[in-house]
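Asks: I have a structure here, written as structure tokens, and I will follow up with some questions on it.
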Amino acid sequence: MFGRDIGIDLGTANILVYVRGKGIVIHEPAVVAVDVNTQKICAIGEAARDMIGRTPGNIRAIRPLNEGVIADFQITEDILTFFIKKVAGRGVFRPRVMICVPSGITTVEKRAVLEAASLAGAKEVYLITEPIAAAIGCGLDIAAPSGNMVVDIGGGTTDIAVISLGGEVVSESLRIGGSHFEEGIVRYVKRVYNLAIGDRTAEDIKTSIASAFPSPDQTVTIRGRDLVTGLPATLEISSVDIYPALEEPINSIVDAIRAVLEVTPPELAADIVNKGMSLTGGGALLEGMARLIQDQTGVPVTLAEDPLSCVARGTGEILDQLDKVSPSSLVASYTKAR
Ligand code: ADP
Ligand code: MG
């Protein structure tokens, strides 16, 4: 049997759905394919991702949370209906839904998500910020009068927050995340090696050999199109070769973490030095990232157990702990049963 509570992590790179008592039941790329003539969605998730770079003229594959389309009410409703129906079945029950949205989204976009979720079948809908959800997903006791620090490196954004008494005391959100590492890799390989590669290849490079502590022994063979001859070509590159492509986004993230620590009230800073900070989000999996942050801040860093699903687990579990979350971290919308 299903629980009645669903947590949805509406990320810039991945959408996850967590059902209490069952765990993560959906983990799909945050991609939709839209027919530009009718503005109708023709594929969502995995199926839409496979279309990226391979669509005919009338179909466009987009990342709705990254490209502002989430303000398009119809698309947002279609996405939420797709996922809520997938786990809840048709008209069997109306779940309570907790949704985590990227911190960068606007008030209009938040409204669109809240209303779309009600129309999609939710009985009660709440929106929560990513750091609070990540903290709960990591098992931190956020309600205590004690400082907890969370850094979530997602696809399009990085969220940094110091949390105490259920709310964010200091926070910062950067529009830099894992996808910027890929963009850097694509540009760099083009400029230095005259090789055009796709985003998928760039992501393979990132997850296989890229490192904050590069070594010449870690190599990978990649395929692309030689920009001089115009023909397909292969190239072997090492993590040292590719490091310059990552340097800028890595440094921006580290600088932002240091800036947050610098304005953290002393008592909370003392708690954080004691307990360390938790690192979540897929970008935290970049090799050496946790060690680099620890070296550069002097604060112990713990990589969350499953960084990609931490926020989703948090959203599902918060519904049980609503009293612990400060109202400022929560946007709620209740709808009467229709
Ligand atoms: P969001 O919350 O924005 O949807 P996620 O937390 O799901 O983002 O993280 C997605 C990002 O993590 C992507 O940019 C992806 O390339 C990156 N990522 C996933 N696994 C790894 C890995 N092993 N090494 C480096 N980056 C990774
Ligand atoms: Mg996320």
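Letters A, B, ... mark the chains of the structure tokens in the order given; residue numbers begin at 1 per chain; ligand numbers begin at 1, in order shown.
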Using only C-alpha atoms and all ligand atoms, tabulate the residues of chain A lying at most 12 Å from any atom of ligand 2, each with its closest atom pair and that distance in Å to one decimal, by chain and increasing residue number, as CSV.

Replies:
residue,atom,partner,partner_atom_place_in_ligand_line,distance
A:Ile8,CA,ligand 2,1 (Mg),10.5
A:Asp9,CA,ligand 2,1 (Mg),6.7
A:Leu10,CA,ligand 2,1 (Mg),7.3
A:Gly11,CA,ligand 2,1 (Mg),4.6
A:Thr12,CA,ligand 2,1 (Mg),6.8
A:Ala13,CA,ligand 2,1 (Mg),7.5
A:Asn14,CA,ligand 2,1 (Mg),7.3
A:Ile15,CA,ligand 2,1 (Mg),8.4
A:Leu16,CA,ligand 2,1 (Mg),9.2
A:His27,CA,ligand 2,1 (Mg),11.9
A:Pro29,CA,ligand 2,1 (Mg),11.6
A:Ala30,CA,ligand 2,1 (Mg),10.7
A:Leu65,CA,ligand 2,1 (Mg),10.7
A:Asn66,CA,ligand 2,1 (Mg),11.7
A:Ile99,CA,ligand 2,1 (Mg),11.2
A:Cys100,CA,ligand 2,1 (Mg),8.1
A:Val101,CA,ligand 2,1 (Mg),8.0
A:Pro102,CA,ligand 2,1 (Mg),6.9
A:Ser103,CA,ligand 2,1 (Mg),9.6
A:Gly104,CA,ligand 2,1 (Mg),11.6
A:Ile128,CA,ligand 2,1 (Mg),11.8
A:Thr129,CA,ligand 2,1 (Mg),10.0
A:Glu130,CA,ligand 2,1 (Mg),6.7
A:Pro131,CA,ligand 2,1 (Mg),9.0
A:Ile132,CA,ligand 2,1 (Mg),11.4
A:Ala133,CA,ligand 2,1 (Mg),9.4
A:Ala134,CA,ligand 2,1 (Mg),8.3
A:Ala135,CA,ligand 2,1 (Mg),12.0
A:Gly137,CA,ligand 2,1 (Mg),11.6
A:Val151,CA,ligand 2,1 (Mg),10.5
A:Asp152,CA,ligand 2,1 (Mg),6.8
A:Ile153,CA,ligand 2,1 (Mg),7.2
A:Gly154,CA,ligand 2,1 (Mg),4.8
A:Gly155,CA,ligand 2,1 (Mg),7.3
A:Gly156,CA,ligand 2,1 (Mg),8.8
A:Thr157,CA,ligand 2,1 (Mg),8.0
A:Thr158,CA,ligand 2,1 (Mg),8.5
A:Asp159,CA,ligand 2,1 (Mg),8.8
A:Ile160,CA,ligand 2,1 (Mg),11.9
A:Gly177,CA,ligand 2,1 (Mg),9.9
A:Gly178,CA,ligand 2,1 (Mg),10.7
A:Leu279,CA,ligand 2,1 (Mg),11.6
A:Thr280,CA,ligand 2,1 (Mg),8.2
A:Gly281,CA,ligand 2,1 (Mg),5.5
A:Gly282,CA,ligand 2,1 (Mg),7.7
A:Gly283,CA,ligand 2,1 (Mg),9.4
A:Ala284,CA,ligand 2,1 (Mg),10.8
A:Pro307,CA,ligand 2,1 (Mg),9.1
A:Leu308,CA,ligand 2,1 (Mg),7.4
A:Ser309,CA,ligand 2,1 (Mg),8.3
A:Cys310,CA,ligand 2,1 (Mg),8.4
A:Val311,CA,ligand 2,1 (Mg),6.3
A:Ala312,CA,ligand 2,1 (Mg),8.2
A:Arg313,CA,ligand 2,1 (Mg),11.3
A:Gly314,CA,ligand 2,1 (Mg),11.1
A:Thr315,CA,ligand 2,1 (Mg),11.1

Asks: Enumerate as a list in words all residues of stretch 107-163 of chain A assigned to strand (DSSP E or B) by DSSP on the backbone, naming them with the chain letters and numbers the document uses.

Replies: Glu124, Val125, Tyr126, Leu127, Ile128, Thr129, Asn148, Met149, Val150, Val151, Asp152, Ile153, Thr158, Asp159, Ile160, Ala161, Val162 and Ile163 of chain A

Asks: Since we have the selection now, will you write its residues out, keeping C-alpha atoms, as a compact mmCIF listing (two decimals), in the first residue's frame?

Replies:
# COMPACT_ATOMS: atom_id res chain seq x y z
CA GLU A 124 -2.26 19.73 0.33
CA VAL A 125 0.85 21.15 -1.31
CA TYR A 126 3.93 22.61 0.31
CA LEU A 127 7.04 24.09 -1.20
CA ILE A 128 10.31 23.89 0.66
CA THR A 129 13.75 25.32 -0.03
CA ASN A 148 24.09 23.05 10.67
CA MET A 149 25.64 23.80 7.31
CA VAL A 150 24.55 22.28 4.02
CA VAL A 151 25.99 22.77 0.55
CA ASP A 152 23.92 21.33 -2.31
CA ILE A 153 25.62 21.32 -5.71
CA THR A 158 24.45 25.57 -5.86
CA ASP A 159 22.70 26.27 -2.57
CA ILE A 160 24.65 27.05 0.56
CA ALA A 161 22.92 27.54 3.90
CA VAL A 162 23.50 27.67 7.62
CA ILE A 163 20.41 26.34 9.37

Asks: Tell me which of A:Thr55, A:Thr201, A:Asn194, A:Thr81 sits closest to ligand 1, counting only C-alpha atoms and all ligand atoms.

Replies: A:Thr201

Asks: Would you mind telling me which residue in A:Glu28, A:Asp271, A:Asp78, A:Asp141 lies nearest to ligand 1 when using only C-alpha atoms and all ligand atoms?

Replies: A:Glu28

Asks: Write out as a list of chain:residue names each polymer residue whose atoms come within 10 Å of A:Met51, counting only C-alpha atoms; drop sequence neighbours fewer than 4 positions from it.

Replies: A:Val31, A:Val32, A:Ala33, A:Ala43, A:Glu46, A:Ala47, A:Thr55, A:Pro56, A:Ile59, A:Arg60, A:Ala61, A:Ile62

Asks: Write the selection just made, keeping all heavy atoms, as an mmCIF file, in the first residue's frame?

Replies:
data_model
loop_
_atom_site.group_PDB
_atom_site.id
_atom_site.type_symbol
_atom_site.label_atom_id
_atom_site.label_comp_id
_atom_site.auth_asym_id
_atom_site.auth_seq_id
_atom_site.Cartn_x
_atom_site.Cartn_y
_atom_site.Cartn_z
ATOM 1 N N VAL A 31 13.742 16.633 -18.029
ATOM 2 C CA VAL A 31 13.683 17.065 -19.426
ATOM 3 C C VAL A 31 12.281 16.816 -19.952
ATOM 4 O O VAL A 31 11.657 15.805 -19.633
ATOM 5 C CB VAL A 31 14.693 16.270 -20.299
ATOM 6 C CG1 VAL A 31 14.637 16.742 -21.749
ATOM 7 C CG2 VAL A 31 16.102 16.394 -19.766
ATOM 8 N N VAL A 32 11.758 17.781 -20.715
ATOM 9 C CA VAL A 32 10.502 17.541 -21.425
ATOM 10 C C VAL A 32 10.716 17.866 -22.901
ATOM 11 O O VAL A 32 11.494 18.749 -23.244
ATOM 12 C CB VAL A 32 9.316 18.386 -20.900
ATOM 13 C CG1 VAL A 32 8.933 17.954 -19.504
ATOM 14 C CG2 VAL A 32 9.634 19.873 -20.924
ATOM 15 N N ALA A 33 10.025 17.104 -23.758
ATOM 16 C CA ALA A 33 10.060 17.406 -25.186
ATOM 17 C C ALA A 33 8.741 18.073 -25.541
ATOM 18 O O ALA A 33 7.669 17.560 -25.225
ATOM 19 C CB ALA A 33 10.245 16.128 -26.001
ATOM 20 N N ALA A 43 6.969 14.174 -24.631
ATOM 21 C CA ALA A 43 7.669 13.169 -23.822
ATOM 22 C C ALA A 43 8.210 13.834 -22.567
ATOM 23 O O ALA A 43 8.504 15.024 -22.554
ATOM 24 C CB ALA A 43 8.805 12.536 -24.611
ATOM 25 N N GLU A 46 13.122 10.356 -18.977
ATOM 26 C CA GLU A 46 14.060 9.517 -19.741
ATOM 27 C C GLU A 46 13.815 9.607 -21.253
ATOM 28 O O GLU A 46 14.734 9.827 -22.036
ATOM 29 C CB GLU A 46 13.835 8.060 -19.299
ATOM 30 C CG GLU A 46 15.067 7.180 -19.319
ATOM 31 C CD GLU A 46 15.967 7.446 -18.124
ATOM 32 O OE1 GLU A 46 15.568 7.182 -16.972
ATOM 33 O OE2 GLU A 46 17.079 7.946 -18.386
ATOM 34 N N ALA A 47 12.552 9.440 -21.636
ATOM 35 C CA ALA A 47 12.204 9.420 -23.056
ATOM 36 C C ALA A 47 12.538 10.752 -23.714
ATOM 37 O O ALA A 47 13.000 10.796 -24.858
ATOM 38 C CB ALA A 47 10.713 9.114 -23.214
ATOM 39 N N THR A 55 16.176 15.904 -32.282
ATOM 40 C CA THR A 55 14.771 16.164 -32.591
ATOM 41 C C THR A 55 14.594 16.809 -33.970
ATOM 42 O O THR A 55 15.445 17.556 -34.422
ATOM 43 C CB THR A 55 14.149 17.125 -31.559
ATOM 44 O OG1 THR A 55 14.955 18.305 -31.505
ATOM 45 C CG2 THR A 55 14.082 16.505 -30.196
ATOM 46 N N PRO A 56 13.467 16.507 -34.637
ATOM 47 C CA PRO A 56 13.136 17.236 -35.858
ATOM 48 C C PRO A 56 12.753 18.670 -35.506
ATOM 49 O O PRO A 56 12.566 18.978 -34.325
ATOM 50 C CB PRO A 56 11.930 16.476 -36.413
ATOM 51 C CG PRO A 56 11.345 15.761 -35.249
ATOM 52 C CD PRO A 56 12.462 15.495 -34.290
ATOM 53 N N ILE A 59 10.022 19.757 -32.738
ATOM 54 C CA ILE A 59 10.079 19.296 -31.348
ATOM 55 C C ILE A 59 11.340 19.820 -30.677
ATOM 56 O O ILE A 59 12.419 19.788 -31.240
ATOM 57 C CB ILE A 59 10.057 17.749 -31.279
ATOM 58 C CG1 ILE A 59 8.707 17.251 -31.799
ATOM 59 C CG2 ILE A 59 10.289 17.267 -29.854
ATOM 60 C CD1 ILE A 59 8.618 15.754 -31.906
ATOM 61 N N ARG A 60 11.155 20.345 -29.449
ATOM 62 C CA ARG A 60 12.298 20.869 -28.726
ATOM 63 C C ARG A 60 12.387 20.183 -27.369
ATOM 64 O O ARG A 60 11.384 20.077 -26.660
ATOM 65 C CB ARG A 60 12.122 22.377 -28.522
ATOM 66 C CG ARG A 60 13.389 23.187 -28.761
ATOM 67 C CD ARG A 60 13.050 24.645 -29.016
ATOM 68 N NE ARG A 60 12.528 25.311 -27.830
ATOM 69 C CZ ARG A 60 13.303 25.767 -26.832
ATOM 70 N NH1 ARG A 60 14.599 25.658 -26.894
ATOM 71 N NH2 ARG A 60 12.755 26.357 -25.791
ATOM 72 N N ALA A 61 13.576 19.669 -27.039
ATOM 73 C CA ALA A 61 13.763 19.061 -25.720
ATOM 74 C C ALA A 61 14.324 20.129 -24.793
ATOM 75 O O ALA A 61 15.330 20.745 -25.092
ATOM 76 C CB ALA A 61 14.717 17.878 -25.819
ATOM 77 N N ILE A 62 13.613 20.386 -23.687
ATOM 78 C CA ILE A 62 14.056 21.448 -22.785
ATOM 79 C C ILE A 62 14.144 20.974 -21.338
ATOM 80 O O ILE A 62 13.469 20.023 -20.938
ATOM 81 C CB ILE A 62 13.111 22.682 -22.834
ATOM 82 C CG1 ILE A 62 11.662 22.228 -22.870
ATOM 83 C CG2 ILE A 62 13.434 23.589 -23.990
ATOM 84 C CD1 ILE A 62 10.680 23.345 -23.076
#

Asks: Could you list, with a cut-off of 6 Å and counting only C-alpha atoms, the residues of stretch 243-293 of chain A near stretch 208-215 of chain A, each shown with its nearest atom pair and the distance in Å rounded to one decimal, rows sorted by chain and ascending number, as JSON lines?

Replies:
{"residue": "A:Glu287", "atom": "CA", "partner": "A:Ser211", "partner_atom": "CA", "distance": 4.7}
{"residue": "A:Gly288", "atom": "CA", "partner": "A:Ala212", "partner_atom": "CA", "distance": 4.8}
{"residue": "A:Met289", "atom": "CA", "partner": "A:Ala212", "partner_atom": "CA", "distance": 5.7}

Asks: Show me, as a tab-separated table, the residues of stretch 224-290 of chain A having an atom within 12 Å of stretch 182-186 of chain A, each with the closest atom pair and its distance in Å, using only C-alpha atoms.

Replies:
residue	atom	partner	partner_atom	distance
A:Gly224	CA	A:Val186	CA	10.4
A:Arg225	CA	A:Val186	CA	11.9
A:Ile237	CA	A:Ile185	CA	11.5
A:Ser239	CA	A:Ile185	CA	11.2
A:Asp241	CA	A:Ile185	CA	10.4
A:Ile242	CA	A:Ile185	CA	7.0
A:Tyr243	CA	A:Ile185	CA	8.8
A:Pro244	CA	A:Gly184	CA	8.7
A:Ala245	CA	A:Gly184	CA	4.9
A:Leu246	CA	A:Gly184	CA	6.4
A:Glu247	CA	A:Gly184	CA	9.1
A:Glu248	CA	A:Gly184	CA	8.6
A:Pro249	CA	A:Gly184	CA	8.4
A:Ile250	CA	A:Gly184	CA	10.9
A:Gly283	CA	A:Glu182	CA	11.1
A:Leu286	CA	A:Glu182	CA	11.7

Asks: I'd like the interatomic distance between atom CA of A:Thr207 and atom 17 (C, counted along the ligand's line) of ligand 1, to a tenth of an Å.

Replies: 7.5 Å
